[in-house]
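Chemist: Input structure: upload_19.cif, which contains mmCIF, C-alpha atoms.
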data_start
#
loop_
_atom_site.label_atom_id
_atom_site.label_comp_id
_atom_site.auth_asym_id
_atom_site.auth_seq_id
_atom_site.Cartn_x
_atom_site.Cartn_y
_atom_site.Cartn_z
CA ASP E 11 -86.95 106.69 -141.90
CA VAL E 12 -88.22 103.69 -140.02
CA LYS E 13 -90.40 104.62 -137.08
CA VAL E 14 -90.83 102.17 -134.21
CA THR E 15 -93.12 103.47 -131.48
CA GLN E 16 -93.37 101.98 -128.02
CA SER E 17 -96.50 103.08 -126.21
CA SER E 18 -94.92 103.90 -122.84
CA ARG E 19 -91.50 105.31 -121.92
CA TYR E 20 -91.84 104.54 -118.22
CA LEU E 21 -94.10 102.07 -116.46
CA VAL E 22 -94.43 101.05 -112.81
CA LYS E 23 -96.36 97.89 -111.98
CA ARG E 24 -96.92 95.72 -108.94
CA THR E 25 -95.81 92.11 -108.54
CA GLY E 26 -98.40 89.73 -109.95
CA GLU E 27 -99.99 92.23 -112.34
CA LYS E 28 -100.48 91.39 -116.01
CA VAL E 29 -98.51 93.86 -118.10
CA PHE E 30 -98.86 94.72 -121.78
CA LEU E 31 -96.09 96.45 -123.71
CA GLU E 32 -97.11 97.70 -127.14
CA CYS E 33 -95.00 98.33 -130.20
CA VAL E 34 -96.04 99.73 -133.56
CA GLN E 35 -93.95 100.10 -136.74
CA ASP E 36 -94.83 102.10 -139.84
CA MET E 37 -92.72 100.32 -142.49
CA ASP E 38 -94.75 97.19 -143.23
CA HIS E 39 -91.84 95.01 -142.08
CA GLU E 40 -92.59 91.35 -141.50
CA ASN E 41 -90.02 90.76 -138.75
CA MET E 42 -90.38 92.26 -135.28
CA PHE E 43 -88.47 91.61 -132.06
CA TRP E 44 -88.60 92.15 -128.32
CA TYR E 45 -85.34 92.49 -126.40
CA ARG E 46 -84.60 93.42 -122.83
CA GLN E 47 -81.51 95.33 -121.79
CA ASP E 48 -79.92 95.02 -118.36
CA PRO E 49 -76.65 96.57 -117.18
CA GLY E 50 -73.75 94.20 -117.74
CA LEU E 51 -75.90 91.72 -119.66
CA GLY E 52 -76.36 93.51 -122.97
CA LEU E 53 -79.48 92.99 -125.07
CA ARG E 54 -81.18 89.62 -124.81
CA LEU E 55 -83.85 88.39 -127.20
CA ILE E 56 -87.19 87.49 -125.61
CA TYR E 57 -89.40 86.71 -128.62
CA PHE E 58 -89.60 87.51 -132.28
CA SER E 59 -92.24 87.32 -134.97
CA TYR E 60 -91.71 86.83 -138.71
CA ASP E 61 -95.33 87.29 -139.76
CA VAL E 62 -98.81 87.93 -138.42
CA LYS E 63 -99.75 85.29 -135.83
CA MET E 64 -96.26 83.73 -136.16
CA LYS E 65 -93.84 83.82 -133.25
CA GLU E 66 -90.66 82.17 -132.04
CA LYS E 67 -89.02 82.05 -128.67
CA GLY E 68 -85.78 83.89 -128.22
CA ASP E 69 -83.14 83.26 -125.60
CA ILE E 70 -85.12 84.23 -122.49
CA PRO E 71 -88.86 83.66 -123.13
CA GLU E 72 -89.78 82.41 -119.64
CA GLY E 73 -92.43 84.57 -118.00
CA TYR E 74 -93.36 86.31 -121.26
CA SER E 75 -95.74 85.81 -124.15
CA VAL E 76 -96.39 87.81 -127.32
CA SER E 77 -99.19 88.68 -129.67
CA ARG E 78 -99.08 89.69 -133.35
CA GLU E 79 -102.61 90.13 -134.68
CA LYS E 80 -101.70 92.85 -137.18
CA LYS E 81 -98.51 93.30 -139.17
CA GLU E 82 -97.69 96.68 -137.68
CA ARG E 83 -98.22 95.79 -134.03
CA PHE E 84 -96.27 93.44 -131.78
CA SER E 85 -97.20 93.15 -128.11
CA LEU E 86 -95.17 91.74 -125.24
CA ILE E 87 -97.15 90.35 -122.31
CA LEU E 88 -95.89 89.70 -118.80
CA GLU E 89 -98.46 87.22 -117.49
CA SER E 90 -97.63 87.82 -113.83
CA ALA E 91 -95.01 90.50 -113.34
CA SER E 92 -92.12 89.77 -111.00
CA THR E 93 -89.37 92.01 -109.66
CA ASN E 94 -86.74 90.27 -111.80
CA GLN E 95 -88.59 91.56 -114.85
CA THR E 96 -87.66 95.12 -113.96
CA SER E 97 -85.73 96.16 -117.06
CA MET E 98 -85.55 98.27 -120.21
CA TYR E 99 -87.67 96.64 -122.93
CA LEU E 100 -86.82 97.33 -126.54
CA CYS E 101 -88.88 96.62 -129.63
CA ALA E 102 -87.24 96.40 -133.06
CA THR E 103 -88.05 95.73 -136.69
CA VAL E 104 -85.96 94.86 -139.76
CA ARG E 105 -86.41 95.18 -143.51
CA GLY E 106 -84.29 92.32 -144.78
CA PRO E 107 -81.29 90.04 -144.29
CA ASN E 108 -78.55 92.63 -144.80
CA SER E 109 -80.33 95.41 -142.99
CA PRO E 110 -79.92 96.62 -139.40
CA LEU E 111 -82.57 96.30 -136.75
CA HIS E 112 -84.32 99.59 -136.00
CA PHE E 113 -85.24 100.06 -132.37
CA GLY E 114 -87.90 102.02 -130.57
CA ASN E 115 -87.01 104.29 -127.65
CA GLY E 116 -87.68 101.60 -125.11
CA THR E 117 -89.97 101.14 -122.13
CA ARG E 118 -88.37 101.31 -118.69
CA LEU E 119 -90.47 98.91 -116.61
CA THR E 120 -90.21 98.82 -112.84
CA VAL E 121 -91.98 96.03 -110.94
CA THR E 122 -92.37 96.68 -107.22
CA ASP O 22 -72.75 80.32 -124.05
CA GLN O 23 -71.80 83.85 -125.03
CA GLN O 24 -71.45 83.96 -128.79
CA VAL O 25 -70.56 87.65 -129.02
CA LYS O 26 -68.08 89.02 -126.49
CA GLN O 27 -67.04 92.53 -125.65
CA ASN O 28 -64.32 92.03 -123.09
CA SER O 29 -63.88 95.66 -122.10
CA PRO O 30 -66.79 96.95 -120.02
CA SER O 31 -65.46 100.49 -120.30
CA LEU O 32 -63.02 102.68 -122.21
CA SER O 33 -61.92 106.24 -121.59
CA VAL O 34 -60.20 108.42 -124.24
CA GLN O 35 -59.32 112.04 -124.74
CA GLU O 36 -61.21 114.21 -127.18
CA GLY O 37 -59.54 114.20 -130.60
CA ARG O 38 -57.84 110.83 -130.09
CA ILE O 39 -58.83 107.46 -131.56
CA SER O 40 -61.30 105.17 -129.79
CA ILE O 41 -60.98 101.48 -130.55
CA LEU O 42 -63.74 99.14 -129.40
CA ASN O 43 -63.26 95.40 -129.76
CA CYS O 44 -65.57 92.45 -130.22
CA ASP O 45 -64.99 88.70 -130.56
CA TYR O 46 -67.41 86.05 -131.75
CA THR O 47 -67.48 82.27 -131.64
CA ASN O 48 -70.20 81.27 -134.10
CA SER O 49 -68.76 80.54 -137.56
CA MET O 50 -72.22 80.95 -139.08
CA PHE O 51 -72.29 84.68 -138.36
CA ASP O 52 -71.97 86.60 -141.63
CA TYR O 53 -73.24 90.09 -140.85
CA PHE O 54 -71.92 92.30 -138.08
CA LEU O 55 -73.15 95.60 -136.70
CA TRP O 56 -72.30 98.28 -134.15
CA TYR O 57 -74.93 100.15 -132.21
CA LYS O 58 -74.63 103.17 -129.95
CA LYS O 59 -76.92 103.66 -126.98
CA TYR O 60 -77.55 106.65 -124.74
CA PRO O 61 -79.32 106.14 -121.38
CA ALA O 62 -83.13 105.97 -121.59
CA GLU O 63 -83.06 105.70 -125.40
CA GLY O 64 -83.15 102.82 -127.85
CA PRO O 65 -79.95 101.66 -129.59
CA THR O 66 -79.03 103.56 -132.74
CA PHE O 67 -77.46 101.75 -135.67
CA LEU O 68 -73.95 103.02 -136.47
CA ILE O 69 -72.25 100.86 -139.06
CA SER O 70 -72.24 97.32 -140.37
CA ILE O 71 -70.05 94.93 -142.33
CA SER O 72 -70.75 91.69 -144.13
CA SER O 73 -68.36 88.77 -144.03
CA ILE O 74 -67.30 89.29 -147.65
CA LYS O 75 -65.53 92.51 -146.64
CA ASP O 76 -62.79 93.26 -144.15
CA LYS O 77 -63.36 97.00 -143.76
CA ASN O 78 -66.24 99.45 -143.96
CA GLU O 79 -65.98 103.16 -143.41
CA ASP O 80 -68.57 105.85 -142.73
CA GLY O 81 -67.26 109.27 -141.80
CA ARG O 82 -65.45 109.07 -138.47
CA PHE O 83 -66.44 105.42 -137.99
CA THR O 84 -64.60 102.42 -139.44
CA VAL O 85 -65.32 98.78 -138.75
CA PHE O 86 -62.67 96.12 -139.35
CA LEU O 87 -63.43 92.41 -139.61
CA ASN O 88 -60.84 89.65 -139.19
CA LYS O 89 -62.68 86.45 -140.02
CA SER O 90 -59.82 84.10 -139.25
CA ALA O 91 -59.54 85.53 -135.76
CA LYS O 92 -63.32 85.95 -135.39
CA HIS O 93 -62.70 89.51 -134.31
CA LEU O 94 -64.09 92.88 -135.24
CA SER O 95 -63.31 96.37 -134.09
CA LEU O 96 -64.82 99.82 -134.33
CA HIS O 97 -62.52 102.80 -134.75
CA ILE O 98 -63.76 106.32 -134.04
CA VAL O 99 -61.48 109.10 -135.27
CA PRO O 100 -61.42 111.75 -133.97
CA SER O 101 -63.37 111.01 -130.81
CA GLN O 102 -65.79 113.66 -129.59
CA PRO O 103 -67.49 114.13 -126.20
CA GLY O 104 -70.86 113.42 -127.87
CA ASP O 105 -69.57 109.93 -128.68
CA SER O 106 -69.78 109.05 -124.98
CA ALA O 107 -72.30 106.21 -124.85
CA VAL O 108 -72.56 102.43 -124.56
CA TYR O 109 -71.51 100.64 -127.76
CA PHE O 110 -72.91 97.22 -128.61
CA CYS O 111 -71.47 94.80 -131.09
CA ALA O 112 -74.02 92.48 -132.74
CA ALA O 113 -73.96 89.60 -135.21
CA ARG O 114 -76.34 87.65 -137.38
CA GLY O 115 -76.17 84.43 -139.36
CA GLY O 116 -78.42 81.81 -140.87
CA SER O 117 -81.92 82.21 -142.23
CA ASN O 118 -83.53 84.39 -139.59
CA TYR O 119 -82.93 88.05 -138.93
CA LYS O 120 -82.38 88.06 -135.19
CA LEU O 121 -79.24 89.68 -133.80
CA THR O 122 -77.03 88.36 -131.03
CA PHE O 123 -75.53 91.19 -128.98
CA GLY O 124 -72.46 91.59 -126.83
CA LYS O 125 -72.72 93.02 -123.33
CA GLY O 126 -71.57 96.47 -124.39
CA THR O 127 -68.65 98.83 -123.78
CA LEU O 128 -69.15 102.19 -122.09
CA LEU O 129 -67.08 104.77 -123.96
CA THR O 130 -66.26 108.02 -122.21
CA VAL O 131 -64.65 110.77 -124.25
CA ASN O 132 -63.10 113.42 -122.01
CA PRO O 133 -62.90 117.04 -123.18
#
Show how you would write the structure in this file as C-alpha coordinates.
Modeler:
Amino acid sequence: DVKVTQSSRYLVKRTGEKVFLECVQDMDHENMFWYRQDPGLGLRLIYFSYDVKMKEKGDIPEGYSVSREKKERFSLILESASTNQTSMYLCATVRGPNSPLHFGNGTRLTVT
Amino acid sequence: DQQVKQNSPSLSVQEGRISILNCDYTNSMFDYFLWYKKYPAEGPTFLISISSIKDKNEDGRFTVFLNKSAKHLSLHIVPSQPGDSAVYFCAARGGSNYKLTFGKGTLLTVNP
(Lines of atoms letter the chains of each structure in order from A and count residues from 1; the text may use other names and numbers.)
(Lines give C-alpha, C1' and ligand atoms only; values in the text may rest on other atoms or scores of the structure.)
Protein backbone atom coordinates (compact mmCIF):
# COMPACT_ATOMS: atom_id res chain seq x y z
CA ASP A 1 0.00 0.00 0.00
CA VAL A 2 1.09 3.51 -0.79
CA LYS A 3 1.84 5.55 2.31
CA VAL A 4 1.69 9.34 2.15
CA THR A 5 2.54 11.00 5.46
CA GLN A 6 1.82 14.61 6.27
CA SER A 7 3.80 15.82 9.26
CA SER A 8 0.99 17.63 11.08
CA ARG A 9 -2.74 16.90 11.34
CA TYR A 10 -3.61 20.27 12.87
CA LEU A 11 -1.68 23.52 12.80
CA VAL A 12 -2.48 27.00 14.10
CA LYS A 13 -0.38 29.92 12.88
CA ARG A 14 -0.53 33.69 13.07
CA THR A 15 -0.95 36.06 10.14
CA GLY A 16 2.39 36.88 8.56
CA GLU A 17 4.19 33.76 9.77
CA LYS A 18 6.13 31.56 7.36
CA VAL A 19 4.58 28.10 7.37
CA PHE A 20 6.05 24.80 6.19
CA LEU A 21 3.87 21.79 5.42
CA GLU A 22 5.78 18.56 4.91
CA CYS A 23 4.82 15.47 2.97
CA VAL A 24 6.69 12.20 2.62
CA GLN A 25 5.86 9.20 0.41
CA ASP A 26 7.37 5.72 0.60
CA MET A 27 6.76 4.45 -2.96
CA ASP A 28 9.51 6.17 -4.96
CA HIS A 29 6.88 7.94 -7.09
CA GLU A 30 8.09 10.78 -9.26
CA ASN A 31 4.88 12.83 -9.21
CA MET A 32 3.66 14.61 -6.09
CA PHE A 33 0.90 17.16 -5.58
CA TRP A 34 -0.44 19.71 -3.13
CA TYR A 35 -4.16 20.44 -3.07
CA ARG A 36 -6.31 22.47 -0.74
CA GLN A 37 -9.88 21.57 0.09
CA ASP A 38 -12.50 24.13 1.10
CA PRO A 39 -16.21 23.53 1.66
CA GLY A 40 -18.19 24.10 -1.52
CA LEU A 41 -15.03 24.53 -3.61
CA GLY A 42 -13.78 20.95 -3.86
CA LEU A 43 -10.08 20.18 -4.19
CA ARG A 44 -7.96 22.76 -5.96
CA LEU A 45 -4.41 22.13 -7.16
CA ILE A 46 -1.76 24.45 -5.73
CA TYR A 47 1.50 23.00 -7.09
CA PHE A 48 2.83 19.73 -8.37
CA SER A 49 6.24 18.22 -8.95
CA TYR A 50 7.19 15.58 -11.52
CA ASP A 51 10.78 15.08 -10.37
CA VAL A 52 13.34 16.29 -7.86
CA LYS A 53 13.80 20.06 -8.12
CA MET A 54 11.05 20.21 -10.79
CA LYS A 55 7.78 21.98 -10.08
CA GLU A 56 4.79 23.41 -11.88
CA LYS A 57 2.10 25.80 -10.79
CA GLY A 58 -1.38 24.46 -10.38
CA ASP A 59 -4.60 26.43 -10.46
CA ILE A 60 -4.11 28.54 -7.32
CA PRO A 61 -0.35 29.02 -6.67
CA GLU A 62 -0.51 32.61 -5.40
CA GLY A 63 0.88 32.96 -1.89
CA TYR A 64 2.54 29.53 -1.97
CA SER A 65 5.85 28.02 -2.99
CA VAL A 66 7.18 24.46 -2.93
CA SER A 67 10.40 22.57 -2.47
CA ARG A 68 11.41 19.11 -3.71
CA GLU A 69 15.02 18.39 -2.76
CA LYS A 70 14.54 14.64 -2.38
CA LYS A 71 12.25 12.32 -4.31
CA GLU A 72 10.29 11.22 -1.26
CA ARG A 73 9.65 14.66 0.21
CA PHE A 74 7.53 17.52 -1.10
CA SER A 75 7.13 20.66 0.99
CA LEU A 76 4.52 23.40 0.69
CA ILE A 77 5.56 26.84 1.95
CA LEU A 78 3.28 29.72 2.86
CA GLU A 79 5.65 32.68 2.65
CA SER A 80 3.47 34.98 4.75
CA ALA A 81 0.36 33.26 6.05
CA SER A 82 -2.97 35.02 5.66
CA THR A 83 -6.40 34.21 7.03
CA ASN A 84 -7.68 33.22 3.58
CA GLN A 85 -5.16 30.39 3.62
CA THR A 86 -7.05 28.70 6.44
CA SER A 87 -7.90 25.37 4.84
CA MET A 88 -7.36 21.62 4.69
CA TYR A 89 -4.13 20.90 2.80
CA LEU A 90 -3.74 17.55 1.08
CA CYS A 91 -0.61 15.98 -0.34
CA ALA A 92 -0.83 13.22 -2.96
CA THR A 93 1.35 10.98 -5.09
CA VAL A 94 0.71 8.84 -8.18
CA ARG A 95 2.41 5.84 -9.77
CA GLY A 96 1.50 6.31 -13.42
CA PRO A 97 -0.95 7.61 -16.02
CA ASN A 98 -3.79 5.15 -15.36
CA SER A 99 -3.37 5.10 -11.61
CA PRO A 100 -5.27 7.03 -8.94
CA LEU A 101 -3.74 9.69 -6.76
CA HIS A 102 -3.08 8.51 -3.22
CA PHE A 103 -3.64 11.14 -0.57
CA GLY A 104 -2.26 11.73 2.88
CA ASN A 105 -4.57 12.41 5.82
CA GLY A 106 -4.33 16.14 5.39
CA THR A 107 -3.22 19.09 7.50
CA ARG A 108 -5.94 21.34 8.86
CA LEU A 109 -4.30 24.78 8.95
CA THR A 110 -5.87 27.68 10.80
CA VAL A 111 -4.37 31.15 10.37
CA THR A 112 -5.48 33.66 13.00
CA ASP B 1 -14.03 27.75 -15.78
CA GLN B 2 -15.26 24.65 -13.98
CA GLN B 3 -14.25 21.64 -16.05
CA VAL B 4 -15.72 19.03 -13.70
CA LYS B 5 -19.17 19.70 -12.26
CA GLN B 6 -21.12 17.99 -9.54
CA ASN B 7 -24.41 19.82 -9.58
CA SER B 8 -25.91 18.24 -6.48
CA PRO B 9 -24.26 19.51 -3.29
CA SER B 10 -26.08 16.87 -1.26
CA LEU B 11 -28.07 13.65 -1.55
CA SER B 12 -30.01 11.72 1.06
CA VAL B 13 -31.06 8.06 0.65
CA GLN B 14 -32.42 5.28 2.79
CA GLU B 15 -30.25 2.37 3.84
CA GLY B 16 -30.54 -0.51 1.37
CA ARG B 17 -31.60 1.70 -1.55
CA ILE B 18 -29.50 2.82 -4.51
CA SER B 19 -27.41 6.01 -4.36
CA ILE B 20 -26.69 7.68 -7.68
CA LEU B 21 -24.11 10.46 -7.79
CA ASN B 22 -23.67 12.43 -11.00
CA CYS B 23 -20.81 14.30 -12.60
CA ASP B 24 -20.46 16.28 -15.84
CA TYR B 25 -17.29 17.41 -17.57
CA THR B 26 -16.51 19.86 -20.34
CA ASN B 27 -12.95 19.05 -21.38
CA SER B 28 -12.87 16.62 -24.32
CA MET B 29 -9.25 15.77 -23.52
CA PHE B 30 -10.20 14.00 -20.29
CA ASP B 31 -9.70 10.26 -20.71
CA TYR B 32 -9.53 8.89 -17.17
CA PHE B 33 -12.17 9.41 -14.52
CA LEU B 34 -12.20 8.62 -10.82
CA TRP B 35 -14.43 8.77 -7.75
CA TYR B 36 -13.11 9.52 -4.30
CA LYS B 37 -14.80 9.32 -0.93
CA LYS B 38 -13.88 11.66 1.90
CA TYR B 39 -14.71 11.62 5.59
CA PRO B 40 -14.20 14.79 7.67
CA ALA B 41 -10.62 15.37 8.86
CA GLU B 42 -9.26 12.61 6.60
CA GLY B 43 -7.73 12.54 3.14
CA PRO B 44 -9.79 11.40 0.13
CA THR B 45 -9.87 7.66 -0.47
CA PHE B 46 -9.89 6.29 -4.00
CA LEU B 47 -13.06 4.31 -4.78
CA ILE B 48 -13.24 3.39 -8.44
CA SER B 49 -12.06 4.59 -11.82
CA ILE B 50 -12.88 4.22 -15.51
CA SER B 51 -10.94 4.98 -18.65
CA SER B 52 -12.57 6.47 -21.71
CA ILE B 53 -12.34 3.20 -23.65
CA LYS B 54 -14.96 1.69 -21.35
CA ASP B 55 -18.51 2.68 -20.48
CA LYS B 56 -18.88 0.74 -17.23
CA ASN B 57 -16.68 -0.46 -14.39
CA GLU B 58 -17.86 -2.40 -11.39
CA ASP B 59 -16.28 -3.12 -8.02
CA GLY B 60 -18.50 -4.75 -5.43
CA ARG B 61 -21.30 -2.37 -4.48
CA PHE B 62 -19.84 0.42 -6.62
CA THR B 63 -20.38 0.88 -10.35
CA VAL B 64 -19.25 3.79 -12.47
CA PHE B 65 -20.91 4.55 -15.79
CA LEU B 66 -19.38 6.78 -18.46
CA ASN B 67 -21.34 8.41 -21.30
CA LYS B 68 -18.71 10.06 -23.47
CA SER B 69 -21.12 11.64 -25.91
CA ALA B 70 -22.92 13.38 -23.07
CA LYS B 71 -19.70 14.02 -21.13
CA HIS B 72 -21.37 12.53 -18.10
CA LEU B 73 -20.44 9.94 -15.52
CA SER B 74 -22.27 8.53 -12.56
CA LEU B 75 -21.50 6.45 -9.50
CA HIS B 76 -24.04 3.89 -8.34
CA ILE B 77 -23.87 2.44 -4.84
CA VAL B 78 -26.07 -0.59 -4.25
CA PRO B 79 -27.13 -1.26 -1.57
CA SER B 80 -26.34 1.94 0.29
CA GLN B 81 -25.10 1.62 3.86
CA PRO B 82 -24.87 4.20 6.67
CA GLY B 83 -21.05 3.91 6.51
CA ASP B 84 -21.23 5.25 2.95
CA SER B 85 -22.19 8.66 4.35
CA ALA B 86 -19.37 10.95 3.21
CA VAL B 87 -18.48 13.56 0.61
CA TYR B 88 -17.92 12.06 -2.85
CA PHE B 89 -15.65 13.76 -5.36
CA CYS B 90 -15.59 13.14 -9.06
CA ALA B 91 -12.20 13.73 -10.74
CA ALA B 92 -10.80 13.63 -14.26
CA ARG B 93 -7.46 13.57 -16.00
CA GLY B 94 -6.25 14.03 -19.55
CA GLY B 95 -3.13 14.87 -21.50
CA SER B 96 0.47 14.16 -20.59
CA ASN B 97 0.55 15.09 -16.93
CA TYR B 98 -0.97 13.22 -14.03
CA LYS B 99 -2.82 15.99 -12.23
CA LEU B 100 -6.50 15.52 -11.45
CA THR B 101 -9.25 18.10 -11.81
CA PHE B 102 -11.92 17.67 -9.13
CA GLY B 103 -15.57 18.56 -8.85
CA LYS B 104 -16.88 20.39 -5.79
CA GLY B 105 -18.23 17.24 -4.18
CA THR B 106 -21.59 15.77 -3.17
CA LEU B 107 -22.42 15.05 0.46
CA LEU B 108 -24.16 11.67 0.63
CA THR B 109 -26.19 10.85 3.72
CA VAL B 110 -27.48 7.32 4.10
CA ASN B 111 -30.22 7.13 6.71
CA PRO B 112 -30.71 3.95 8.75
Chemist: Hey, could you make a per-residue contact list for chain E against chain O with 12 Å as the cut-off, showing the nearest pair of atoms and its distance in Å to one decimal, counting all atoms listed in the file, sorted by chain and number, as CSV?
Modeler:
residue,atom,partner,partner_atom,distance
E:Val12,CA,O:Thr66,CA,11.7
E:Lys13,CA,O:Gly64,CA,11.9
E:Val14,CA,O:Gly64,CA,10.0
E:Thr15,CA,O:Gly64,CA,10.6
E:Gln16,CA,O:Gly64,CA,10.3
E:Arg19,CA,O:Ala62,CA,8.4
E:Tyr20,CA,O:Ala62,CA,9.4
E:His39,CA,O:Tyr119,CA,11.7
E:Glu40,CA,O:Tyr119,CA,10.5
E:Asn41,CA,O:Tyr119,CA,7.6
E:Met42,CA,O:Lys120,CA,9.0
E:Phe43,CA,O:Lys120,CA,7.7
E:Trp44,CA,O:Lys120,CA,10.1
E:Tyr45,CA,O:Leu121,CA,10.0
E:Arg46,CA,O:Gly64,CA,10.8
E:Gln47,CA,O:Lys125,CA,9.2
E:Asp48,CA,O:Lys125,CA,9.0
E:Pro49,CA,O:Lys125,CA,8.1
E:Gly50,CA,O:Lys125,CA,5.8
E:Leu51,CA,O:Lys125,CA,5.0
E:Gly52,CA,O:Lys125,CA,3.7
E:Leu53,CA,O:Phe123,CA,5.8
E:Arg54,CA,O:Phe123,CA,7.2
E:Leu55,CA,O:Thr122,CA,7.8
E:Ile56,CA,O:Lys120,CA,10.7
E:Tyr57,CA,O:Lys120,CA,9.7
E:Phe58,CA,O:Lys120,CA,7.8
E:Ser59,CA,O:Lys120,CA,9.9
E:Tyr60,CA,O:Asn118,CA,8.6
E:Glu66,CA,O:Asn118,CA,10.6
E:Lys67,CA,O:Lys120,CA,11.1
E:Gly68,CA,O:Lys120,CA,8.8
E:Asp69,CA,O:Thr122,CA,9.6
E:Ser97,CA,O:Ala62,CA,11.1
E:Met98,CA,O:Ala62,CA,8.2
E:Tyr99,CA,O:Gly64,CA,9.1
E:Leu100,CA,O:Gly64,CA,6.7
E:Cys101,CA,O:Gly64,CA,8.6
E:Ala102,CA,O:Gly64,CA,9.2
E:Thr103,CA,O:Tyr119,CA,9.5
E:Val104,CA,O:Tyr119,CA,7.5
E:Arg105,CA,O:Tyr119,CA,9.2
E:Gly106,CA,O:Tyr119,CA,7.4
E:Pro107,CA,O:Tyr119,CA,5.9
E:Asn108,CA,O:Tyr53,CA,7.1
E:Ser109,CA,O:Ser70,CA,8.7
E:Pro110,CA,O:Phe67,CA,6.8
E:Leu111,CA,O:Phe67,CA,7.5
E:His112,CA,O:Phe67,CA,7.2
E:Phe113,CA,O:Gly64,CA,5.7
E:Gly114,CA,O:Gly64,CA,5.5
E:Asn115,CA,O:Gly64,CA,4.1
E:Gly116,CA,O:Gly64,CA,5.4
E:Thr117,CA,O:Ala62,CA,8.4
E:Arg118,CA,O:Ala62,CA,7.6
E:Leu119,CA,O:Ala62,CA,11.3
Chemist: For the file shown, report as a PyMOL selection string the outcome of the PyMOL selection byres ((chain E and resi 80) around 12) at residue level.
Modeler: chain E and resi 33-36+38-42+59-64+77-79+81-85
Chemist: Report as a list in words the full result of the PyMOL selection byres ((chain O and resi 85) around 10) when it is applied to this structure.
Modeler: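 For this structure, the PyMOL selection byres ((chain O and resi 85) around 10) captures Ile41, Leu42, Asn43, Phe54, Leu55, Trp56, Leu68, Ile69, Ser70, Ile71, Asp76, Lys77, Asn78, Glu79, Asp80, Phe83, Thr84, Phe86, Leu87, Leu94, Ser95, Leu96, His97 and Ile98 of chain O.
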Chemist: Applying the PyMOL selection byres ((chain E and resi 31) around 7) to the file I just gave you, which residues come out? Please list them as a ChimeraX atom specification.
Modeler: /E:29-30,32-33,85-87
Chemist: Just the selected residues (C-alpha atoms), exported as a CSV table (one decimal), in the frame of the given file, please.
Modeler:
chain,number,residue,atom,x,y,z
E,29,VAL,CA,-98.5,93.9,-118.1
E,30,PHE,CA,-98.9,94.7,-121.8
E,32,GLU,CA,-97.1,97.7,-127.1
E,33,CYS,CA,-95.0,98.3,-130.2
E,85,SER,CA,-97.2,93.2,-128.1
E,86,LEU,CA,-95.2,91.7,-125.2
E,87,ILE,CA,-97.2,90.4,-122.3
Chemist: Could you state the separation of CA of Thr96 in chain E and CA of Pro71 in chain E in Å, given to one decimal place?
Modeler: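 Calculated distance between CA of Thr96 in chain E and CA of Pro71 in chain E is 14.7 Å.
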